[in-house]
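K.L.:
Below you'll find the structure I mean.
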Amino acid sequence: MASPSNSSTALVSEFLLICFPNYQSWQHWLSLPLSFLFFLAMGANATLLITIWLEASLHEPMYYLLSLLSLLDIVLCLTVIPKVLAIFWFDLRSISFSACFVQMFIMNSFLAMESCTFMVMAYDRYVAIFHPLRYSSIINDQFVAKASVFIMSQNALLLSPVPILSARLRYCGKNVIENCICANLSVSRLSCDNFTLNRVYQFVAGWTLLGSDFILIFLSYTFILRAVLRFKAEGAAAKALSTCGSHFILILFFSTILLVVVLIDVSRNKVPTDILILLDVLYHLIPAALNPIVYGFRSKE
């Protein structure tokens, strides 16, 4: 007979994802708008990528950055939403131990990559407004290549410890995750170890990366706003505000949802779990559906 200490350290080979534990009867109805948003996001991003690829006049740095943003959106959607819909439609709740932490890595690092891409795109607009004659020499293909490598390597390296620290915890038999996705804290709470280091690292790294991106984005658009309001040419200020304003509103929306998710997660004892779960899912879906519409169809040559 195994001793209690041995049985308590039995390895967990898979987790069970329980979406909306208090309102599971809602799942089939909720799957309809989620499916619509998912196909809208995939279709809009795929259309944008194909258009940029086929149209030679769009082979410009700004549109390469749009392509990067679309690729990040597609990967995020494919990482999260198909599994959520499989739970809703077919009750396929199980996810392997390794797949859970791969999903966690992609969600953490790719969301940060998306934020960093917004920052680079804000810098692109800043250079276009303040240094139009030098724009082509500053924002060129080499700049986009270096920026892309920086975006992916920095965020992947700095946020990879989050799933690694979580995977190194001991899971003592409890394997039911009250979430539709393998969010770090939702998984770590199942362990029988202290996960304070994991929680603190995610908080510090996440807010350092996302906070610095948002500050730089805010400063860029503040300078742009001040500049465009001085434009003398008829319609020039309105055109610049139309494009840059819609970009900034989308970035503000992206950041606001992130802030709400974090604040609710910190005070999760005071907020119904189902609300947090819904926000987690929507946060990976709504920006992906809006990004190609706002950036792709409002950006003008």
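Lettering and numbering for the structure tokens are positional, with chains as A, B, ... in the shown order, residues counted from 1 in each chain, and ligands counted from 1 in the shown order.
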Contacts between region 287-294 of chain A and region 82-161 of chain A, please, where a residue of region 82-161 of chain A counts if it comes within 12 Å (with only C-alpha atoms); show its shortest atom pair and distance in Å to one decimal, rows by chain and ascending number, as a Markdown table.

P.N.:
| residue | atom | partner | partner_atom | distance |
| --- | --- | --- | --- | --- |
| A:Phe110 | CA | A:Ala288 | CA | 11.9 |
| A:Leu111 | CA | A:Pro287 | CA | 10.4 |
| A:Glu114 | CA | A:Ala288 | CA | 10.0 |
| A:Ser115 | CA | A:Pro287 | CA | 11.1 |
| A:Thr117 | CA | A:Asn291 | CA | 11.7 |
| A:Phe118 | CA | A:Asn291 | CA | 10.3 |

K.L.:
Those residues with C-alpha atoms, as a JSON list (two decimals), in the first residue's frame please?

P.N.:
[["chain", "number", "residue", "atom", "x", "y", "z"],
["A", 110, "PHE", "CA", 2.16, 36.29, -28.15],
["A", 111, "LEU", "CA", -0.05, 38.77, -26.30],
["A", 114, "GLU", "CA", 1.14, 41.97, -30.03],
["A", 115, "SER", "CA", 1.53, 44.83, -27.57],
["A", 117, "THR", "CA", 3.95, 45.38, -32.36],
["A", 118, "PHE", "CA", 1.45, 48.13, -31.51]]

K.L.:
Would you return as JSON, numbers by chain the members of region 36-279 of chain A that DSSP assigns to strand (DSSP E) on this structure's backbone?

P.N.:
{"A": [94, 95, 96, 176, 177]}

K.L.:
Export C-alpha atoms of the chosen residues as a PDB file, in the first residue's frame?

P.N.:
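Once everything was written out, this is out-v6.pdb:
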ATOM      1  CA  SER A  94      -9.226  17.105 -21.289  1.00  0.00           C
ATOM      2  CA  ILE A  95      -5.918  18.677 -22.271  1.00  0.00           C
ATOM      3  CA  SER A  96      -2.548  17.005 -21.839  1.00  0.00           C
ATOM      4  CA  VAL A 176      -9.760  20.363 -12.716  1.00  0.00           C
ATOM      5  CA  ILE A 177      -9.063  23.864 -14.089  1.00  0.00           C
TER       6      ILE A 177
END

K.L.:
Using only C-alpha atoms, what does the table of region 14-116 of chain A residues within 9 Å of region 179-192 of chain A look like, with each row giving the shortest atom pair and its distance in Å to one decimal, sorted by chain and ascending number, as JSON lines?

P.N.:
{"residue": "A:Phe15", "atom": "CA", "partner": "A:Val187", "partner_atom": "CA", "distance": 8.8}
{"residue": "A:Leu17", "atom": "CA", "partner": "A:Cys180", "partner_atom": "CA", "distance": 5.6}
{"residue": "A:Ile18", "atom": "CA", "partner": "A:Asn179", "partner_atom": "CA", "distance": 5.5}
{"residue": "A:Cys19", "atom": "CA", "partner": "A:Cys180", "partner_atom": "CA", "distance": 4.8}
{"residue": "A:Phe20", "atom": "CA", "partner": "A:Asn179", "partner_atom": "CA", "distance": 7.1}
{"residue": "A:Pro21", "atom": "CA", "partner": "A:Asn179", "partner_atom": "CA", "distance": 8.3}
{"residue": "A:Val80", "atom": "CA", "partner": "A:Ile181", "partner_atom": "CA", "distance": 6.7}
{"residue": "A:Ile81", "atom": "CA", "partner": "A:Ile181", "partner_atom": "CA", "distance": 8.9}
{"residue": "A:Lys83", "atom": "CA", "partner": "A:Cys180", "partner_atom": "CA", "distance": 8.0}
{"residue": "A:Val84", "atom": "CA", "partner": "A:Cys180", "partner_atom": "CA", "distance": 5.9}
{"residue": "A:Ile87", "atom": "CA", "partner": "A:Cys180", "partner_atom": "CA", "distance": 8.0}
{"residue": "A:Arg93", "atom": "CA", "partner": "A:Cys180", "partner_atom": "CA", "distance": 8.7}
{"residue": "A:Cys100", "atom": "CA", "partner": "A:Cys182", "partner_atom": "CA", "distance": 5.6}
{"residue": "A:Phe101", "atom": "CA", "partner": "A:Cys182", "partner_atom": "CA", "distance": 7.1}
{"residue": "A:Gln103", "atom": "CA", "partner": "A:Cys182", "partner_atom": "CA", "distance": 6.6}
{"residue": "A:Met104", "atom": "CA", "partner": "A:Cys182", "partner_atom": "CA", "distance": 5.6}
{"residue": "A:Met107", "atom": "CA", "partner": "A:Ala183", "partner_atom": "CA", "distance": 8.2}
{"residue": "A:Asn108", "atom": "CA", "partner": "A:Ala183", "partner_atom": "CA", "distance": 8.7}

K.L.:
Taking the chain letters and numbering used in this document, name the residues of region 55-211 of chain A that DSSP puts in helix (DSSP H, G or I), as a ChimeraX atom specification.

P.N.:
/A:56-58,61-90,97-130,132-138,141-159,161-167,184-188,196-211

K.L.:
How many Å separate CA of Pro132 (chain A) from CA of Thr222 (chain A)?

P.N.:
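So the two atoms, CA of Pro132 (chain A) and CA of Thr222 (chain A), lie 17.7 Å apart.
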
K.L.:
Residues at most 12 Å from region 66-71 of chain A, counting only C-alpha atoms, excluding those fewer than 6 positions away in the same chain, as a VMD selection string?

P.N.:
chain A and resid 41 to 53 58 to 60 77 to 78 110 to 122 124 144 to 145 147 to 149 151 to 152 247 287 to 299

K.L.:
Distance CA of Leu282 (chain A)-CA of Phe214 (chain A), one decimal place?

P.N.:
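Those two atoms sit 20.4 Å apart.
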